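**Student:** Can you read through this structure? Questions will come right after.
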Amino acid sequence: MFRLKDTRTAICTLALLLTGSALSSAEAAGTLTIATVNNGDMIVMRQLSTEFEKAHPDIHLNWVTLEENVLRQRVTTDIAMKTGQFDVVTIGNYEVPIWAKQGWLTEIKPDATYDVNDILPSVRDSLTANDKLYALPFYAESVMTYYRKDLFQKAGLTMPEQPTYDQVRQFADKITDKPNQIYGICLRGKPGWGENMAYISSLANTFGAQWFDVSWKPTLTSDAWKATLNWYVSALKADGPPGATSNGFNENLALFASGHCGIWIDSTVAGGLLFDPKQSQVADKVGFAPAPKGPYGKGPTWLWSWSLAVPVSSHQSADAQTFITWATSKDYVKLVAARKGWVLAPPGTRASTYAAPEYLKAAPFASFVLNAIKTADPNGPTAQPRPYTGAQFVAIPEFQSIGTQVGQTVAATLSDQMTVDHALTSAQASVTRALRQSGRAR
Amino acid sequence: MALKAKTSTRIGVTILGWGIALWLFFPIFWMILTSFKSEVQAISTPPKLFFMPTLSSYAEVFERANYWHFALNTVTVSVAATAIAIALAVPAAYSMAFMPSKRTRGTLLWMLSTRMLPPVGVLVPIYILARNTHLLDTCTGLAIVDMLTNLPIIVWMLYTFFREVPAPILEAGRMDGATRWQEMTMVLLPLALPGIASTALLSLILCWNEAFWSLNLTSSHAAPLTAFIASFSSPEGLFFGKLSAASTLAVAPILVFGWISQKQLVRGLTFGAVK
């Protein structure tokens with residue numbers, strides 16, 4: 001039987017509990033809230049951040065780890081609505097220039113001891129807008145080729161110092177052994193601007209294709225785009241794993257690490273993961289090569305950096321800058337090397353990392369990564385003049401939407417729902433519409 | 001002959017029941033199994049059913065995140081949202097069941113229609129409201145939103161249960177001098193207790209599993225177990241073992257709770273079904 005007294009007690013307890021929880025959310029001064037993703041290098045940073053707290057007893061760090069897309073959505077909402085929930089945010093070089101132009105990020109002014117000139121120029125430039133630095137790179141990645149040395153040897157093949165896409169296709173044909181679940185080539189097929197379109201945009205550049213001409217008219221029906229997509233679709237259909245439209249970076253990493261891929265062209269960050277016997281069954285059989293070149297052979301190549309920035313909504317901007325300069329410094333790289341080993345040092349950001357003989361010894365793929373990042377040049381020229389920057393993306397706010405839309409159309413060609421010509425015509429129409437709606441094109 | 005046919009039908013129904021139960025349970029079984037694999041074992045093809053189990057994923061999950069903090073937030077939010085929702089829904093359902101007007105049915109349908117709107121449609125206004133009332137990243141804010149989200153279903157369920165209670169019993173109470181409050185608390189509630197309990201259990205499960213608002217309205221202080229799970233998804237690197245371990249830890253309490261209270265739940269859900 002219900003008793004009124006019990007009900008009242010329960011209501012009062014609940015009210016106290018909730019009030020307590022509401023009050024506890026008031027952030028203590030000196031606490032920095034850092035929004036980040038669950039990548040290996042970020043996990044190491046979090047573990048080692050106790051050293052930062054020891055050196056700065058007035059600053060306490062509060063970590064919020066989110067899934068990548070949730071992080072973008074949360075951080076965008078937080079900054080746009082000036083909530084001030086985050087003091088440090090982990091974002092990519094796609095967001096940095098766009099958000100900087102919106103006035104959402106605080107300019108970063110590291111002190112003289114930071115050695116900003118040690119940061120690789122292509123990475124530094126990608127985080128700069130109007131000659132001001134708006135984020136500091138935590139680690140950076142480009143694109144390279146991974147291949148199975150044992151399968152190449154068995155088939156009597158040799159990977160050239162600089163492979164071409166024609167050669168890659170021939171190699172893939174020769175090592176494909178579908179009855180034994182060995183697929184000659186694995187490429188991203190999962191639709192998304194940061195998934196299949198990151199690879200395809202980079203592929204298009206080396207085939208001489210580009211997203212827009214100088215008047216922002218999409219050029220997706222050009223011969224170069226047809227050649228790009230024909231190569232991609234025919235290679236994956238002939239030599240790729242089944243269900244390629246479900247495979248993004250992680251799925252292909254799993255396929256390669258478990259011995260099912262002969263060649264994989266993807267982010268340089270996979271080098272460390274494939275080379276780690278704890279995560280890879282083919283650690284001793286992985287070969288490395290630069291990303292293949294297409295008929296055009298030039299053009300900007302993939303460059304991505306996970307960077308730390310301070311939103312203007314942060315109430316503790318000075319402390320936040322102190323933290324990000326610590327986490328991206330040369331001393332931090334040395335700290336990681338001392339505590340976790342050189343192979344786990346954050347890659348792709350600092351020339352001094354690649355000058356360390358210990359690092360080059362521990363990470364045999366390091367020279368490929370350095371070369372790929374140095375030559376990435378996301379602001380470099382495409383076959384025809386272009387009005388945008390970026391290599392595996394177009395650095396405009398609309399790209400998240402149009403990239404994902406075109407990505408879905410491309411995936412439809414892999415699953416035989418559309419022909420390449422039909423897909424490109426459809427993509428041309430949808431991108432034209434999207435750019436007209438945004439007012440960028442007439 | 002008839003007995004033989006009856007027996008074979010029973011066997012068939014039993015096999016079908018077990019088949020459906022196993023089919024429904026398989027994803028949870030596979031998640032638990034994967035949580036005891038290493039990352040390499042977790043991605044192996046063909047998938048391994050027999051392997052040397054390891055607790056490494058659990059160890060890493062506990063090392064990286066404070067599970068108890070997330071679990072306490074989930075319990076606080078779920079219990080608070082359910083308690084407030086029941087407290088508001090009981091009088092609403094009581095008045096609709098025993099003092100219906102010509103608009104009662106329309107009101108009920110309207111309440112239910114709010115569930116048909118995708119939550120993202122109201123994300124911006126709710127976010128601004130939470131920001132302006134300083135309820136972002138608080139258990140209070142999340143409990144209020146969870147409570148409001150589940151209120152239509154709770155009112156609807158309680159209304160259905162209350163309609164099964166014979167009105168003459170309440171009238172008898174009134175004849176004995178009971179006030180409306182006494183009629184509700186001393187006559188109706190004890191009679192409808194199995195239904196209320198099962199509604200509360202369902203609300204608790206819905207709150208426990210709610211992810212959209214948890215991920216959007218909380219960050220660290222009030223982040224519940226759904227945010228805990230999401231934090232183990234990685235854009236670059238293998239995470240299936242750790243994600244499975246985090247998911248197992250997150251669903252374990254509510255799974256055990258549901259197991260213990262399943263009799264009450266079934267009794268409540270079939271309350272009044274056979275008269």
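By convention here, the chains of the structure tokens are called A, B, ... in the order presented, each chain's residues are numbered starting at 1, and ligands are numbered starting at 1 in the order presented.
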Neighbours of Trp304 (chain A) within 7 Å (only C-alpha atoms; same-chain residues fewer than 3 positions away dropped), as a ChimeraX atom specification?
**Tutor:** /A:92-93,140-142
**Student:** Compile a residue-level contact table for chain B against chain A at a cut-off of 9 Å, reporting for every qualifying residue the shortest atom pair and its distance in Å to one decimal, with only C-alpha atoms counted, rows ordered by chain and ascending number, as a tab-separated table.
**Tutor:**
```
residue	atom	partner	partner_atom	distance
B:Ser38	CA	A:Lys278	CA	8.6
B:Glu39	CA	A:Gln279	CA	6.4
B:Val40	CA	A:Gln279	CA	5.5
B:Ile43	CA	A:Ala254	CA	5.9
B:Ser44	CA	A:Ser258	CA	5.9
B:Thr45	CA	A:Ser258	CA	7.2
B:Arg64	CA	A:Ile43	CA	8.0
B:Asn73	CA	A:Ser21	CA	9.0
B:Thr76	CA	A:Leu17	CA	7.9
B:Val77	CA	A:Leu18	CA	8.5
B:Val79	CA	A:Leu14	CA	8.8
B:Ala80	CA	A:Leu14	CA	6.5
B:Ala83	CA	A:Ile11	CA	8.6
B:Ile84	CA	A:Ile11	CA	8.7
B:Val124	CA	A:Thr77	CA	8.6
B:Tyr127	CA	A:Thr77	CA	8.8
B:Ile128	CA	A:Met81	CA	7.8
B:Arg131	CA	A:Thr83	CA	6.8
B:His134	CA	A:Ala22	CA	8.2
B:Leu135	CA	A:Ala22	CA	6.7
B:Leu136	CA	A:Ser25	CA	8.2
B:Asp137	CA	A:Ser25	CA	6.5
B:Thr138	CA	A:Ala22	CA	5.0
B:Cys139	CA	A:Ser21	CA	5.7
B:Thr140	CA	A:Leu18	CA	5.2
B:Gly141	CA	A:Ala22	CA	7.9
B:Ala143	CA	A:Leu18	CA	8.6
B:Thr185	CA	A:Phe2	CA	7.0
B:Met186	CA	A:Met1	CA	7.4
B:Leu189	CA	A:Phe2	CA	8.4
B:Pro190	CA	A:Met1	CA	6.7
B:Leu215	CA	A:Val70	CA	7.6
B:Asn216	CA	A:Arg74	CA	6.5
B:Leu217	CA	A:Arg74	CA	8.9
B:Ser219	CA	A:Val64	CA	6.1
B:Ser220	CA	A:Val64	CA	5.9
B:His221	CA	A:Ser25	CA	6.0
B:Ala222	CA	A:Ser21	CA	7.7
B:Ala227	CA	A:Leu66	CA	7.6
B:Phe228	CA	A:Thr65	CA	8.5
B:Ala230	CA	A:Glu67	CA	5.9
B:Ser231	CA	A:Leu66	CA	4.7
B:Phe232	CA	A:Asn38	CA	6.2
B:Ser233	CA	A:Glu67	CA	5.8
B:Ser234	CA	A:Asn38	CA	4.9
B:Pro235	CA	A:Glu68	CA	6.5
B:Glu236	CA	A:Asn39	CA	5.8
B:Gly237	CA	A:Asn250	CA	6.2
B:Leu238	CA	A:Asn250	CA	6.7
B:Phe239	CA	A:Asn250	CA	9.0
```
**Student:** Can you list, as an MDAnalysis selection string, every protein, DNA or RNA residue that comes within 9 Å of region 402-417 of chain A when you count only C-alpha atoms, leaving out same-chain residues fewer than 5 positions away?
**Tutor:** chainID A and resid 189:198 200 229 233:234 236:237 243:245 393:394 422:424 426:428 430:431 434:435
**Student:** So which residues of region 37-218 of chain B fall under helix (DSSP H, G or I) by DSSP, listed as a PyMOL selection string?
**Tutor:** chain B and resi 39-43+56-64+67-98+104-116+119-132+139-163+167-175+180-191+193-209+212-217
**Student:** Just the residues within 12 Å of Pro364 (chain A), please, counting only C-alpha atoms, with nothing from its chain fewer than 2 positions along; format it as number ranges by chain.
**Tutor:** A: 271-272, 274-276, 283-284, 286-289, 342-343, 354, 357-362, 366-370
**Student:** Just want the 10 Å neighbourhood of Lys374 (chain A), counted on only C-alpha atoms, with same-chain residues fewer than 2 positions away dropped. Output as a PDB file with C-alpha atoms, in the first residue's frame.
**Tutor:**
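So the final result, stored in around_28.pdb, reads:
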```pdb
ATOM      1  CA  LEU A 120      56.040  20.536 -41.983  1.00  0.00           C
ATOM      2  CA  PRO A 121      55.101  23.440 -44.296  1.00  0.00           C
ATOM      3  CA  SER A 122      52.212  21.657 -46.069  1.00  0.00           C
ATOM      4  CA  VAL A 123      50.632  20.828 -42.710  1.00  0.00           C
ATOM      5  CA  SER A 142      48.681  11.429 -46.409  1.00  0.00           C
ATOM      6  CA  LEU A 303      46.616  15.581 -46.663  1.00  0.00           C
ATOM      7  CA  GLY A 348      53.496  13.616 -39.997  1.00  0.00           C
ATOM      8  CA  THR A 349      53.787  16.922 -38.199  1.00  0.00           C
ATOM      9  CA  ALA A 351      60.578  17.626 -39.307  1.00  0.00           C
ATOM     10  CA  PHE A 368      57.208   7.140 -47.285  1.00  0.00           C
ATOM     11  CA  VAL A 369      55.001   9.063 -44.870  1.00  0.00           C
ATOM     12  CA  LEU A 370      57.342  12.051 -44.771  1.00  0.00           C
ATOM     13  CA  ASN A 371      57.649  12.135 -48.547  1.00  0.00           C
ATOM     14  CA  ALA A 372      53.877  11.776 -49.019  1.00  0.00           C
ATOM     15  CA  ALA A 376      50.868  16.511 -50.677  1.00  0.00           C
ATOM     16  CA  ASP A 377      50.362  20.222 -51.335  1.00  0.00           C
TER      17      ASP A 377
END
```
**Student:** Within 12 Å of Pro160 (chain A), counting only C-alpha atoms, which residues qualify if same-chain residues fewer than 5 places away don't, as a PyMOL selection string?
**Tutor:** chain A and resi 145+147+152+165+167-168+171+287-293
**Student:** CA of Tyr114 (chain A) and CA of Ile59 (chain A), how far apart in Å?
**Tutor:** 19.6 Å
**Student:** Report, in Å to a single decimal, how far apart CA of Thr375 (chain A) and CA of Pro300 (chain A) are.
**Tutor:**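 Computing it gives 8.1 Å between the two atoms.
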**Student:** Which residues are close to region 24-36 of chain B, i.e. within 7 Å by only C-alpha atoms, leaving aside same-chain residues fewer than 3 positions away? Reply as number ranges by chain.
**Tutor:** B: 20-21, 42, 53-55, 57, 241-242, 244-245, 248
**Student:** Take the selection from the previous step and output its residues with N, CA and C atoms, as a short mmCIF file (atom, residue, chain, number, x, y, z; two decimals), in the first residue's frame.
**Tutor:**
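The result, written out as again-v8.cif:
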```cif
data_model
loop_
_atom_site.label_atom_id
_atom_site.label_comp_id
_atom_site.auth_asym_id
_atom_site.auth_seq_id
_atom_site.Cartn_x
_atom_site.Cartn_y
_atom_site.Cartn_z
N ILE B 20 13.08 -18.28 -32.50
CA ILE B 20 12.95 -16.81 -32.50
C ILE B 20 13.75 -16.20 -31.34
N ALA B 21 13.66 -16.88 -30.17
CA ALA B 21 14.39 -16.37 -28.99
C ALA B 21 15.90 -16.35 -29.26
N ALA B 42 38.91 -10.52 -33.00
CA ALA B 42 37.60 -9.92 -33.24
C ALA B 42 37.34 -9.66 -34.72
N PRO B 53 39.99 -17.08 -24.49
CA PRO B 53 39.40 -15.80 -24.04
C PRO B 53 40.41 -14.92 -23.30
N THR B 54 40.22 -13.63 -23.46
CA THR B 54 41.09 -12.67 -22.77
C THR B 54 40.25 -11.54 -22.18
N LEU B 55 40.74 -11.00 -21.09
CA LEU B 55 40.03 -9.88 -20.46
C LEU B 55 40.69 -8.54 -20.83
N SER B 57 40.35 -6.49 -23.31
CA SER B 57 39.45 -5.39 -23.72
C SER B 57 38.80 -4.74 -22.50
N GLY B 241 36.72 -5.20 -30.25
CA GLY B 241 36.82 -5.87 -28.95
C GLY B 241 36.48 -4.93 -27.82
N LYS B 242 37.09 -3.75 -27.85
CA LYS B 242 36.85 -2.77 -26.76
C LYS B 242 35.41 -2.25 -26.80
N SER B 244 32.83 -3.88 -27.87
CA SER B 244 31.96 -4.95 -27.37
C SER B 244 32.04 -5.03 -25.85
N ALA B 245 33.25 -4.87 -25.31
CA ALA B 245 33.41 -4.92 -23.85
C ALA B 245 32.63 -3.76 -23.21
N THR B 248 28.92 -4.46 -23.46
CA THR B 248 28.50 -5.50 -22.52
C THR B 248 28.37 -4.91 -21.12
#
```
**Student:** Using only C-alpha atoms, which residue out of B:Leu22, B:Val145, B:Leu265, B:Val13 lies closest to Ala197 (chain B)?
**Tutor:** B:Leu265
